[in-house]
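Enquirer: First the structure, which I've put down as structure tokens, then a few questions once you've had a look.
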Amino acid sequence: MIKKRTIFYFILPSIIVMLLVAFYPIIHGFWLSLHHIDLKHPYYGEPFIGLRNYTDILSDGRMWAALGNTVVFTFVSVGIELFLGISFAFVMHYRFKGRGIVRAAVLIPWAIPTVVSAMMWSWIYNDQFGIFNAILAQLGIIDKYITWLGTKGTAMFAIIFAEVWKTTPFMALLLLAGLQMIPEELYEASKVDGANRWTRFWHITFPLLSPTLLVALLFRSMDAFRVFDLIFVLTGGGPGNTTETMSVYAYKTLFSHLRFGYGSALAVVTFVSVMIISSIYLVVIINTSRKM
Amino acid sequence: MKRILICILIASFLYGCKKEEGITTITWAVGKDPTRFHDTLIVKFEKKFPNIKVRLLEMPESATTMHDAYVTYLSARDPSVDVYSIDIIWPAEFGSAEWLLPLNEYISDEEMEAFLPGPIKGCTYRGSLYAIPWFTDGGVLYYRTDLLKKENLAPPSTWTELVHHSKLLGKKYRVYGFVFQAHQYEGLVCNFLEYVWSNGGEVFDKDGNVVINSDEAVESLQFMKDIIHKYKITPPGVVTYKEEEARRLFTEGKASFMRNWPYVWAIAQDSAKGSKVVGKVGIAPMVHPEGGSTAATLGGWNLAVSKFSKHPLESIKFIKFITSYEIQKLFAIKGGRLPTRKRVYEDREVLNINPHYRNLYEVFVSARPRPVTPYYTQLSDILQIEVHQSLIVMKSPNEALDSAKEKIEEVLSP
């Protein structure tokens, strides 16, 4: 009989590493956000100012715009990925010739480093040489080449499109794994009872897929909320700063402007937002698994 | 037996780690160099100073990424980098943050006189020289000599001529008129300031007041907007172009005129690099409004010594060596980089390889640095956003520059 205490000592090293690597930066970041720190002016010192950075954030129009862009980006891209992900998962679930190759090929966008794919997409969206314009024109969908990344309405759409291309495979594969866990006998039994496709989906697939679905959504939402590379490379926050998200704004404040106090506060706001989103998901997950 | 072997292993390892007597190693952080000329420089230096070894720390290509990597090292007071290669807009910022060693006591006034005045001004903040100018850059106008010849036109020198020539050539030869850089990034500010300065506008007046919303500046921004939307000699996609996007259009033969940096010259003359306009390219100073005078934004890279370096004297020897006359001449001939020493522009061998230096000398001597203040990155951020919003017709030039003035004053107020 292994004592509980022994188990604790075995996990202790991992807990210590996690505390150092994960918690310490978060606490330190929060601590920095309570001070006024401008590295360009070291003679000013780093005075403790309490929550003043946060009250400044509340009246910072640029922050609200960035938060809005981030929320829109997250909702729309994760929503589209959910729909496409389930579709791909179903297709890959059925046995057909070349299924192995399809499953591997689907992973390619996911495997390319984000910065590399962002550079690729910025040339794809080019208004003179880009193949996005070329293909759409040949299909007759547009009659004049569009400056995708330079026009206010289309830039966010173009960024979301590139994001969905890259991360749908992740969703699809997670959901595929979830689908494969559903026992075949349930479907066979329901067919005997005369259930049609839709009933089978709604009463068997969907409930049993929910846990995996929620986990996939949780991961994707947390990642999407923190999007940085794609936007930084494609538009730098433009056009006219209309695609700037929280991470981009925080990064510029920290590294470009050397305002470590305010920048840390922006990072903390991002962190808290992500925590709120994941808490909501966790509550739903726990409730759903309770019902089962 | 095993224990003895382990002891011998550890002892020999420690012995190998012992520093060689009298040899200092300094680390040099510098951007990627496709011509591999940096390695040659190090070899020459180590030959002259056998007691000093130089370790090359290659940085990413993008200036923004370099800046952020430097901030990471310097804010942690990391002594592992001794010499930093810095962009002309960073000395005030890094100097104010007390990250760089002031070099005034190591360089005499005569030595400083030998350099171009613009770069020296850019490297000086509150009287302290924080870097030695290494090579310089200035915005210039590229034009298609063949198209102008066919129509018997001289290269444009004013805004009106630029528009007129562009329209004429555009109609006849189905090319865009003028391309430049207007993506939301630092390059946009470089372009924007050239129009403002050539029209007599300024960011700050001589008393330090913010005057970026003066009539002259608004006129300049209006002109930038007009060439895209009113005269239509510039593709609207220009708001997504950085240097390479504009360069590509020009060397593909699809534009008559381009504003870019001198680096394009070598590419334009090389069909192996994809140029379709070899031998058909000319360079001239940037256009200016009637009654104004040409202006070029100063670019270029400079060498600074970290305040946290453990080998400041060796580092200074290094930066003085690679900014010496002989090395700058070699760099101009082999590496195609613009020297920062005035006399190198008169050297016959240099002029043989780079004949355009002759007509461009005036441009480089008078190229202006962007506002030399530690707040420059915040200023630039504000200008980038406002100017971009005006170019994509989200705001009028008046609104944009009034807003810019307000925001800049907010940043500068204590």
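Chains: A, B, ... in order of the structure tokens. Residues: from 1 per chain. Ligands: from 1, in order shown.
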Just list the residues in segment 38-99 of chain A DSSP gives helix (DSSP H, G or I) on the backbone, as a ChimeraX atom specification.
Expert: /A:42-44,52-58,61-93,99
Enquirer: With N, CA and C atoms retained, export the selected residues as a compact mmCIF listing (two decimals), in the first residue's frame.
Expert:
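What landed in part28.txt:
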```txt
# COMPACT_ATOMS: atom_id res chain seq x y z
N PRO A 42 15.34 55.84 -16.04
CA PRO A 42 15.66 55.12 -14.80
C PRO A 42 15.78 56.05 -13.60
N TYR A 43 16.15 57.32 -13.82
CA TYR A 43 16.31 58.23 -12.69
C TYR A 43 14.99 58.50 -12.00
N TYR A 44 13.90 58.20 -12.67
CA TYR A 44 12.58 58.42 -12.09
C TYR A 44 12.27 57.37 -11.02
N ARG A 52 -3.19 52.32 -10.00
CA ARG A 52 -3.38 53.44 -10.92
C ARG A 52 -3.27 53.01 -12.39
N ASN A 53 -2.38 52.07 -12.69
CA ASN A 53 -2.29 51.60 -14.07
C ASN A 53 -3.64 51.06 -14.53
N TYR A 54 -4.33 50.38 -13.62
CA TYR A 54 -5.60 49.77 -14.02
C TYR A 54 -6.69 50.81 -14.23
N THR A 55 -6.71 51.87 -13.40
CA THR A 55 -7.71 52.90 -13.65
C THR A 55 -7.40 53.62 -14.97
N ASP A 56 -6.09 53.76 -15.28
CA ASP A 56 -5.74 54.35 -16.58
C ASP A 56 -6.21 53.46 -17.71
N ILE A 57 -6.08 52.15 -17.54
CA ILE A 57 -6.52 51.21 -18.58
C ILE A 57 -8.00 51.37 -18.84
N LEU A 58 -8.80 51.54 -17.78
CA LEU A 58 -10.24 51.63 -17.97
C LEU A 58 -10.61 52.82 -18.83
N GLY A 61 -8.97 54.33 -24.49
CA GLY A 61 -9.77 53.92 -25.64
C GLY A 61 -9.08 52.86 -26.49
N ARG A 62 -7.74 52.98 -26.55
CA ARG A 62 -7.02 52.03 -27.39
C ARG A 62 -7.15 50.62 -26.82
N MET A 63 -7.17 50.51 -25.49
CA MET A 63 -7.29 49.20 -24.86
C MET A 63 -8.65 48.59 -25.18
N TRP A 64 -9.71 49.40 -25.07
CA TRP A 64 -11.05 48.87 -25.34
C TRP A 64 -11.17 48.42 -26.80
N ALA A 65 -10.57 49.22 -27.70
CA ALA A 65 -10.60 48.82 -29.11
C ALA A 65 -9.88 47.49 -29.29
N ALA A 66 -8.71 47.36 -28.64
CA ALA A 66 -7.95 46.12 -28.77
C ALA A 66 -8.73 44.94 -28.19
N LEU A 67 -9.37 45.18 -27.03
CA LEU A 67 -10.15 44.11 -26.41
C LEU A 67 -11.28 43.68 -27.34
N GLY A 68 -11.95 44.69 -27.92
CA GLY A 68 -13.03 44.38 -28.86
C GLY A 68 -12.53 43.55 -30.03
N ASN A 69 -11.40 43.98 -30.63
CA ASN A 69 -10.85 43.22 -31.75
C ASN A 69 -10.53 41.79 -31.34
N THR A 70 -9.97 41.65 -30.12
CA THR A 70 -9.60 40.31 -29.66
C THR A 70 -10.83 39.43 -29.50
N VAL A 71 -11.89 39.99 -28.90
CA VAL A 71 -13.10 39.20 -28.69
C VAL A 71 -13.72 38.78 -30.03
N VAL A 72 -13.80 39.74 -30.95
CA VAL A 72 -14.36 39.42 -32.28
C VAL A 72 -13.54 38.32 -32.95
N PHE A 73 -12.21 38.51 -32.92
CA PHE A 73 -11.33 37.53 -33.54
C PHE A 73 -11.57 36.14 -32.94
N THR A 74 -11.60 36.09 -31.60
CA THR A 74 -11.73 34.79 -30.93
C THR A 74 -13.05 34.13 -31.28
N PHE A 75 -14.16 34.85 -31.09
CA PHE A 75 -15.46 34.26 -31.35
C PHE A 75 -15.59 33.75 -32.78
N VAL A 76 -15.26 34.63 -33.74
CA VAL A 76 -15.48 34.26 -35.14
C VAL A 76 -14.56 33.11 -35.55
N SER A 77 -13.27 33.23 -35.22
CA SER A 77 -12.37 32.18 -35.70
C SER A 77 -12.68 30.84 -35.03
N VAL A 78 -12.92 30.84 -33.72
CA VAL A 78 -13.21 29.57 -33.06
C VAL A 78 -14.53 28.99 -33.55
N GLY A 79 -15.51 29.86 -33.79
CA GLY A 79 -16.79 29.39 -34.31
C GLY A 79 -16.63 28.68 -35.64
N ILE A 80 -15.90 29.33 -36.57
CA ILE A 80 -15.70 28.72 -37.88
C ILE A 80 -14.91 27.42 -37.76
N GLU A 81 -13.88 27.44 -36.89
CA GLU A 81 -13.07 26.23 -36.72
C GLU A 81 -13.90 25.09 -36.17
N LEU A 82 -14.86 25.42 -35.27
CA LEU A 82 -15.71 24.38 -34.69
C LEU A 82 -16.50 23.69 -35.79
N PHE A 83 -17.13 24.50 -36.64
CA PHE A 83 -17.95 23.95 -37.71
C PHE A 83 -17.11 23.12 -38.68
N LEU A 84 -15.99 23.73 -39.16
CA LEU A 84 -15.13 23.01 -40.10
C LEU A 84 -14.49 21.80 -39.44
N GLY A 85 -14.10 21.95 -38.17
CA GLY A 85 -13.44 20.87 -37.46
C GLY A 85 -14.32 19.64 -37.36
N ILE A 86 -15.57 19.85 -36.99
CA ILE A 86 -16.49 18.70 -36.90
C ILE A 86 -16.67 18.05 -38.26
N SER A 87 -16.83 18.88 -39.30
CA SER A 87 -17.01 18.31 -40.65
C SER A 87 -15.81 17.47 -41.04
N PHE A 88 -14.59 18.03 -40.88
CA PHE A 88 -13.39 17.29 -41.23
C PHE A 88 -13.30 16.01 -40.41
N ALA A 89 -13.63 16.11 -39.11
CA ALA A 89 -13.52 14.95 -38.24
C ALA A 89 -14.42 13.82 -38.75
N PHE A 90 -15.64 14.17 -39.13
CA PHE A 90 -16.55 13.14 -39.65
C PHE A 90 -16.00 12.50 -40.91
N VAL A 91 -15.49 13.35 -41.81
CA VAL A 91 -14.95 12.80 -43.05
C VAL A 91 -13.81 11.84 -42.77
N MET A 92 -12.93 12.24 -41.84
CA MET A 92 -11.77 11.39 -41.57
C MET A 92 -12.13 10.16 -40.74
N HIS A 93 -13.36 10.15 -40.19
CA HIS A 93 -13.77 9.04 -39.34
C HIS A 93 -14.14 7.82 -40.16
N ARG A 99 -7.21 7.31 -46.50
CA ARG A 99 -7.57 8.05 -45.28
C ARG A 99 -6.34 8.43 -44.48
```
Enquirer: Would you give me, as CSV, each residue of chain A having an atom within 6 Å of an atom of chain B, along with its shortest atom pair and that distance in Å to one decimal, using only C-alpha atoms and sorting by chain and residue number?
Expert:
```
residue,atom,partner,partner_atom,distance
A:Leu39,CA,B:Ala97,CA,5.7
A:Lys40,CA,B:Ala97,CA,4.1
A:His41,CA,B:Ala97,CA,5.6
A:Pro42,CA,B:Ala97,CA,5.9
A:Asp127,CA,B:Gly237,CA,5.7
A:Thr147,CA,B:Gly237,CA,5.2
A:Gly150,CA,B:Thr240,CA,5.5
A:Gly238,CA,B:Gln184,CA,5.8
A:Gly240,CA,B:Gln389,CA,4.2
A:Asn241,CA,B:Ile385,CA,5.9
A:Phe255,CA,B:Asp68,CA,5.5
A:His257,CA,B:Gln378,CA,5.7
```
Enquirer: Those same residues, written as a compact mmCIF listing (two decimals), in the first residue's frame with N, CA and C atoms?
Expert:
```txt
# COMPACT_ATOMS: atom_id res chain seq x y z
N LEU A 39 11.52 52.24 -18.52
CA LEU A 39 12.95 51.96 -18.58
C LEU A 39 13.75 53.08 -19.24
N LYS A 40 13.05 53.95 -19.99
CA LYS A 40 13.79 55.02 -20.65
C LYS A 40 14.22 56.08 -19.64
N HIS A 41 13.59 56.08 -18.48
CA HIS A 41 13.88 57.11 -17.49
C HIS A 41 14.18 56.47 -16.14
N PRO A 42 15.34 55.84 -16.04
CA PRO A 42 15.66 55.12 -14.80
C PRO A 42 15.78 56.05 -13.60
N ASP A 127 -1.58 42.78 -53.03
CA ASP A 127 -2.57 43.32 -53.96
C ASP A 127 -2.12 43.25 -55.41
N THR A 147 -6.99 45.05 -51.94
CA THR A 147 -5.90 45.14 -50.97
C THR A 147 -6.41 44.58 -49.66
N GLY A 150 -5.01 45.93 -46.41
CA GLY A 150 -4.91 47.39 -46.32
C GLY A 150 -6.25 48.09 -46.27
N GLY A 238 -2.45 47.20 -38.11
CA GLY A 238 -3.21 48.05 -39.02
C GLY A 238 -4.31 47.29 -39.72
N GLY A 240 -4.64 51.34 -40.15
CA GLY A 240 -5.14 52.37 -39.25
C GLY A 240 -5.36 51.82 -37.85
N ASN A 241 -4.55 50.83 -37.45
CA ASN A 241 -4.62 50.21 -36.11
C ASN A 241 -5.94 49.52 -35.81
N PHE A 255 7.87 46.36 -25.19
CA PHE A 255 9.16 46.30 -25.86
C PHE A 255 9.49 47.51 -26.70
N HIS A 257 7.89 50.71 -26.33
CA HIS A 257 7.84 51.93 -25.55
C HIS A 257 8.55 51.81 -24.20
```
Enquirer: Nearest to Leu41 of chain B: which of B:Pro156, B:Leu360, B:Ala367, B:Phe331 is it, counting only C-alpha atoms?
Expert: B:Phe331
Enquirer: Write out as number ranges by chain which residues come within 10 Å of Pro312 of chain B when counting only C-alpha atoms, dropping same-chain ones fewer than 4 positions away.
Expert: B: 26, 82-83, 101, 305-308, 316-318
Enquirer: Suppose you want the space between atom CA of Lys121 of chain B and atom CA of Arg368 of chain B; what is it in Å?
Expert: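 Computed distance, atom CA of Lys121 of chain B to atom CA of Arg368 of chain B, equals 8.9 Å.
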Enquirer: Excluding Asn133 of chain A and residues on its chain fewer than 2 positions from it, collect all residues at most 9 Å away from it, counting only C-alpha atoms, and give them as a PyMOL selection string.
Expert: chain A and resi 124-131+135-138+142+144-148
Enquirer: Next, write the just-selected residues to a file, as a PDB file, in the first residue's frame, keeping N, CA and C atoms as the atom set.
Expert:
```
ATOM      1  N   ILE A 124       0.509  36.001 -50.034  1.00  0.00           N
ATOM      2  CA  ILE A 124      -0.701  35.494 -50.684  1.00  0.00           C
ATOM      3  C   ILE A 124      -1.718  36.625 -50.834  1.00  0.00           C
ATOM      4  N   TYR A 125      -1.787  37.500 -49.815  1.00  0.00           N
ATOM      5  CA  TYR A 125      -2.777  38.573 -49.831  1.00  0.00           C
ATOM      6  C   TYR A 125      -2.288  39.829 -50.557  1.00  0.00           C
ATOM      7  N   ASN A 126      -1.076  39.794 -51.122  1.00  0.00           N
ATOM      8  CA  ASN A 126      -0.528  40.955 -51.799  1.00  0.00           C
ATOM      9  C   ASN A 126      -1.472  41.454 -52.894  1.00  0.00           C
ATOM     10  N   ASP A 127      -1.583  42.782 -53.027  1.00  0.00           N
ATOM     11  CA  ASP A 127      -2.575  43.322 -53.960  1.00  0.00           C
ATOM     12  C   ASP A 127      -2.119  43.254 -55.415  1.00  0.00           C
ATOM     13  N   GLN A 128      -0.817  43.007 -55.657  1.00  0.00           N
ATOM     14  CA  GLN A 128      -0.352  42.952 -57.043  1.00  0.00           C
ATOM     15  C   GLN A 128      -0.051  41.526 -57.477  1.00  0.00           C
ATOM     16  N   PHE A 129       0.658  40.792 -56.625  1.00  0.00           N
ATOM     17  CA  PHE A 129       1.151  39.470 -57.022  1.00  0.00           C
ATOM     18  C   PHE A 129       0.450  38.331 -56.310  1.00  0.00           C
ATOM     19  N   GLY A 130      -0.435  38.643 -55.356  1.00  0.00           N
ATOM     20  CA  GLY A 130      -0.969  37.608 -54.488  1.00  0.00           C
ATOM     21  C   GLY A 130      -1.872  36.614 -55.193  1.00  0.00           C
ATOM     22  N   ILE A 131      -1.717  35.313 -54.825  1.00  0.00           N
ATOM     23  CA  ILE A 131      -2.542  34.318 -55.497  1.00  0.00           C
ATOM     24  C   ILE A 131      -3.979  34.320 -54.994  1.00  0.00           C
ATOM     25  N   ILE A 135      -6.715  33.861 -57.758  1.00  0.00           N
ATOM     26  CA  ILE A 135      -7.697  32.769 -57.793  1.00  0.00           C
ATOM     27  C   ILE A 135      -9.126  33.309 -57.779  1.00  0.00           C
ATOM     28  N   LEU A 136      -9.384  34.279 -56.891  1.00  0.00           N
ATOM     29  CA  LEU A 136     -10.743  34.826 -56.822  1.00  0.00           C
ATOM     30  C   LEU A 136     -11.150  35.475 -58.139  1.00  0.00           C
ATOM     31  N   ALA A 137     -10.179  36.144 -58.784  1.00  0.00           N
ATOM     32  CA  ALA A 137     -10.499  36.800 -60.063  1.00  0.00           C
ATOM     33  C   ALA A 137     -10.798  35.762 -61.126  1.00  0.00           C
ATOM     34  N   GLN A 138     -10.006  34.677 -61.149  1.00  0.00           N
ATOM     35  CA  GLN A 138     -10.233  33.648 -62.154  1.00  0.00           C
ATOM     36  C   GLN A 138     -11.558  32.950 -61.951  1.00  0.00           C
ATOM     37  N   ILE A 142     -14.332  38.144 -57.857  1.00  0.00           N
ATOM     38  CA  ILE A 142     -14.052  39.584 -57.804  1.00  0.00           C
ATOM     39  C   ILE A 142     -13.623  40.038 -59.192  1.00  0.00           C
ATOM     40  N   LYS A 144     -11.895  43.139 -59.496  1.00  0.00           N
ATOM     41  CA  LYS A 144     -10.694  43.967 -59.360  1.00  0.00           C
ATOM     42  C   LYS A 144      -9.909  43.444 -58.161  1.00  0.00           C
ATOM     43  N   TYR A 145      -8.592  43.442 -58.256  1.00  0.00           N
ATOM     44  CA  TYR A 145      -7.779  42.978 -57.133  1.00  0.00           C
ATOM     45  C   TYR A 145      -8.013  43.848 -55.904  1.00  0.00           C
ATOM     46  N   ILE A 146      -8.118  43.188 -54.752  1.00  0.00           N
ATOM     47  CA  ILE A 146      -8.403  43.893 -53.513  1.00  0.00           C
ATOM     48  C   ILE A 146      -7.156  43.939 -52.626  1.00  0.00           C
ATOM     49  N   THR A 147      -6.993  45.053 -51.944  1.00  0.00           N
ATOM     50  CA  THR A 147      -5.896  45.143 -50.974  1.00  0.00           C
ATOM     51  C   THR A 147      -6.409  44.581 -49.660  1.00  0.00           C
ATOM     52  N   TRP A 148      -6.341  43.256 -49.512  1.00  0.00           N
ATOM     53  CA  TRP A 148      -6.967  42.592 -48.376  1.00  0.00           C
ATOM     54  C   TRP A 148      -6.486  43.128 -47.028  1.00  0.00           C
TER      55      TRP A 148
END
```
Enquirer: Please identify all polymer residues within 12 Å of Gly139 of chain B, counting only C-alpha atoms, omitting same-chain residues fewer than 5 positions from it, and present them as an MDAnalysis selection string.
Expert: chainID B and resid 180:181 187:195 243 258:264 283:287 294:300 360 363:364 366:369
Enquirer: Those residues you just picked out, can you put them in a file as a compact mmCIF listing (two decimals), in the first residue's frame with N, CA and C atoms?
Expert:
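Dumped to again.txt:
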```
# COMPACT_ATOMS: atom_id res chain seq x y z
N PHE B 180 5.88 53.70 -53.00
CA PHE B 180 6.70 53.97 -51.82
C PHE B 180 6.25 53.04 -50.71
N GLN B 181 6.60 53.37 -49.44
CA GLN B 181 6.26 52.48 -48.33
C GLN B 181 5.22 53.16 -47.45
N GLY B 187 8.74 52.56 -41.44
CA GLY B 187 9.02 53.10 -42.77
C GLY B 187 8.02 54.15 -43.21
N LEU B 188 6.78 54.04 -42.72
CA LEU B 188 5.76 55.03 -43.11
C LEU B 188 6.17 56.40 -42.59
N VAL B 189 6.69 56.44 -41.34
CA VAL B 189 7.12 57.72 -40.77
C VAL B 189 8.29 58.29 -41.57
N CYS B 190 9.22 57.41 -42.00
CA CYS B 190 10.35 57.88 -42.81
C CYS B 190 9.85 58.57 -44.07
N ASN B 191 8.88 57.94 -44.75
CA ASN B 191 8.33 58.51 -45.97
C ASN B 191 7.59 59.82 -45.67
N PHE B 192 6.71 59.77 -44.65
CA PHE B 192 5.87 60.91 -44.31
C PHE B 192 6.71 62.15 -44.00
N LEU B 193 7.78 61.97 -43.21
CA LEU B 193 8.58 63.13 -42.79
C LEU B 193 9.26 63.79 -43.99
N GLU B 194 9.60 63.00 -45.02
CA GLU B 194 10.22 63.62 -46.20
C GLU B 194 9.29 64.63 -46.85
N TYR B 195 7.99 64.29 -46.91
CA TYR B 195 7.04 65.25 -47.49
C TYR B 195 6.88 66.46 -46.58
N GLU B 243 9.55 47.97 -47.69
CA GLU B 243 10.56 48.23 -48.71
C GLU B 243 10.52 47.22 -49.85
N MET B 258 9.98 55.38 -57.83
CA MET B 258 9.88 54.74 -56.52
C MET B 258 10.70 55.52 -55.52
N ARG B 259 10.19 55.65 -54.29
CA ARG B 259 11.00 56.18 -53.20
C ARG B 259 11.44 54.97 -52.39
N ASN B 260 12.77 54.84 -52.22
CA ASN B 260 13.27 53.73 -51.41
C ASN B 260 14.67 54.06 -50.92
N TRP B 261 15.29 53.10 -50.28
CA TRP B 261 16.64 53.32 -49.74
C TRP B 261 17.68 52.92 -50.80
N PRO B 262 18.93 53.37 -50.64
CA PRO B 262 19.96 53.08 -51.64
C PRO B 262 20.23 51.60 -51.90
N TYR B 263 19.80 50.71 -50.98
CA TYR B 263 20.11 49.29 -51.16
C TYR B 263 19.56 48.74 -52.47
N VAL B 264 18.50 49.38 -52.99
CA VAL B 264 17.85 48.86 -54.19
C VAL B 264 18.76 48.92 -55.41
N ILE B 283 18.97 57.41 -60.13
CA ILE B 283 18.63 57.85 -58.77
C ILE B 283 18.70 59.37 -58.72
N ALA B 284 17.80 59.97 -57.98
CA ALA B 284 17.82 61.43 -57.82
C ALA B 284 17.33 61.76 -56.41
N PRO B 285 17.56 63.00 -55.96
CA PRO B 285 17.01 63.37 -54.65
C PRO B 285 15.48 63.34 -54.71
N MET B 286 14.85 63.15 -53.56
CA MET B 286 13.39 63.06 -53.49
C MET B 286 12.74 64.37 -53.96
N VAL B 287 11.51 64.26 -54.47
CA VAL B 287 10.81 65.44 -54.97
C VAL B 287 10.35 66.33 -53.82
N THR B 294 14.45 69.71 -51.29
CA THR B 294 14.40 68.27 -51.10
C THR B 294 14.80 67.87 -49.68
N ALA B 295 14.20 66.80 -49.18
CA ALA B 295 14.52 66.31 -47.85
C ALA B 295 14.62 64.79 -47.92
N ALA B 296 15.57 64.23 -47.16
CA ALA B 296 15.70 62.78 -47.09
C ALA B 296 15.74 62.39 -45.63
N THR B 297 15.03 61.32 -45.28
CA THR B 297 15.08 60.83 -43.91
C THR B 297 16.35 60.02 -43.73
N LEU B 298 17.03 60.27 -42.63
CA LEU B 298 18.28 59.57 -42.37
C LEU B 298 18.00 58.19 -41.81
N GLY B 299 18.68 57.18 -42.40
CA GLY B 299 18.61 55.84 -41.83
C GLY B 299 20.01 55.49 -41.39
N GLY B 300 20.35 54.23 -41.36
CA GLY B 300 21.73 53.85 -41.10
C GLY B 300 21.95 53.20 -39.75
N LEU B 360 24.53 61.89 -55.30
CA LEU B 360 23.77 61.72 -54.08
C LEU B 360 24.47 62.27 -52.85
N VAL B 363 22.53 64.70 -50.96
CA VAL B 363 21.42 64.09 -50.22
C VAL B 363 21.91 63.55 -48.88
N PHE B 364 23.04 62.83 -48.92
CA PHE B 364 23.51 62.20 -47.69
C PHE B 364 24.04 63.21 -46.69
N SER B 366 22.89 66.17 -46.28
CA SER B 366 21.79 66.92 -45.67
C SER B 366 20.67 66.02 -45.15
N ALA B 367 20.82 64.70 -45.17
CA ALA B 367 19.76 63.82 -44.68
C ALA B 367 19.50 64.12 -43.21
N ARG B 368 18.22 64.13 -42.85
CA ARG B 368 17.85 64.56 -41.50
C ARG B 368 17.45 63.37 -40.62
N PRO B 369 17.95 63.38 -39.37
CA PRO B 369 17.50 62.31 -38.47
C PRO B 369 16.06 62.57 -38.02
```
Enquirer: Determine which residues of segment 111-267 of chain B DSSP labels as strand (DSSP E or B) from the backbone of this structure, then write them out as number ranges by chain.
Expert: B: 115, 124-125, 128-129, 132-138, 140-144, 158, 176-179, 204, 210, 255-260
Enquirer: Would you mind listing what lies within 8 Å of segment 267-274 of chain A as a PyMOL selection string, with only C-alpha atoms counted and same-chain residues fewer than 5 positions away left out?
Expert: chain A and resi 29-30+33+222+225-226+246-247+250
Enquirer: Taking only C-alpha atoms into account, which of B:Lys232, B:Lys254, B:Arg343, B:His288 comes nearest Val196 of chain B?
Expert: B:His288
Enquirer: Looking at only C-alpha atoms, which of B:Met224, B:Tyr325, B:Lys2, B:Ser198 is the one that sits closest to Ser293 of chain B?
Expert: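 Going through B:Met224, B:Tyr325, B:Lys2, B:Ser198 one by one, the smallest distance to Ser293 of chain B is for B:Ser198.
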Enquirer: Applying 12 Å and only C-alpha atoms, which residues near segment 102-104 of chain A remain after dropping the ones on its own chain fewer than 5 positions away? List them as a PyMOL selection string.
Expert: chain A and resi 88-97+109-111+169-170+172-174+176-177
Enquirer: Closest to Val344 of chain B among B:Phe135, B:Gly208, B:Leu103, B:Ile89, using only C-alpha atoms?
Expert: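 Checking each of B:Phe135, B:Gly208, B:Leu103, B:Ile89 against Val344 of chain B, counting only C-alpha atoms, the winner is B:Phe135.
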Enquirer: Please compute the atom CA of Thr154 of chain A-atom CA of Ser278 of chain A distance, one decimal, in Å.
Expert: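 One can read the atom CA of Thr154 of chain A to atom CA of Ser278 of chain A distance as 29.4 Å.
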Enquirer: When distances are computed from only C-alpha atoms, which of B:Leu401, B:Val175, B:Ile408, B:Val281 shows the smallest separation from Leu141 of chain B?
Expert: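 Ranking B:Leu401, B:Val175, B:Ile408, B:Val281 by distance to Leu141 of chain B, first place goes to B:Val281.
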Enquirer: Using only C-alpha atoms, can you tell me which of A:Leu12, A:Val21, A:Leu258, A:Leu230 comes closest to Pro113 of chain A?
Expert: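 Nearest to Pro113 of chain A: A:Leu230.
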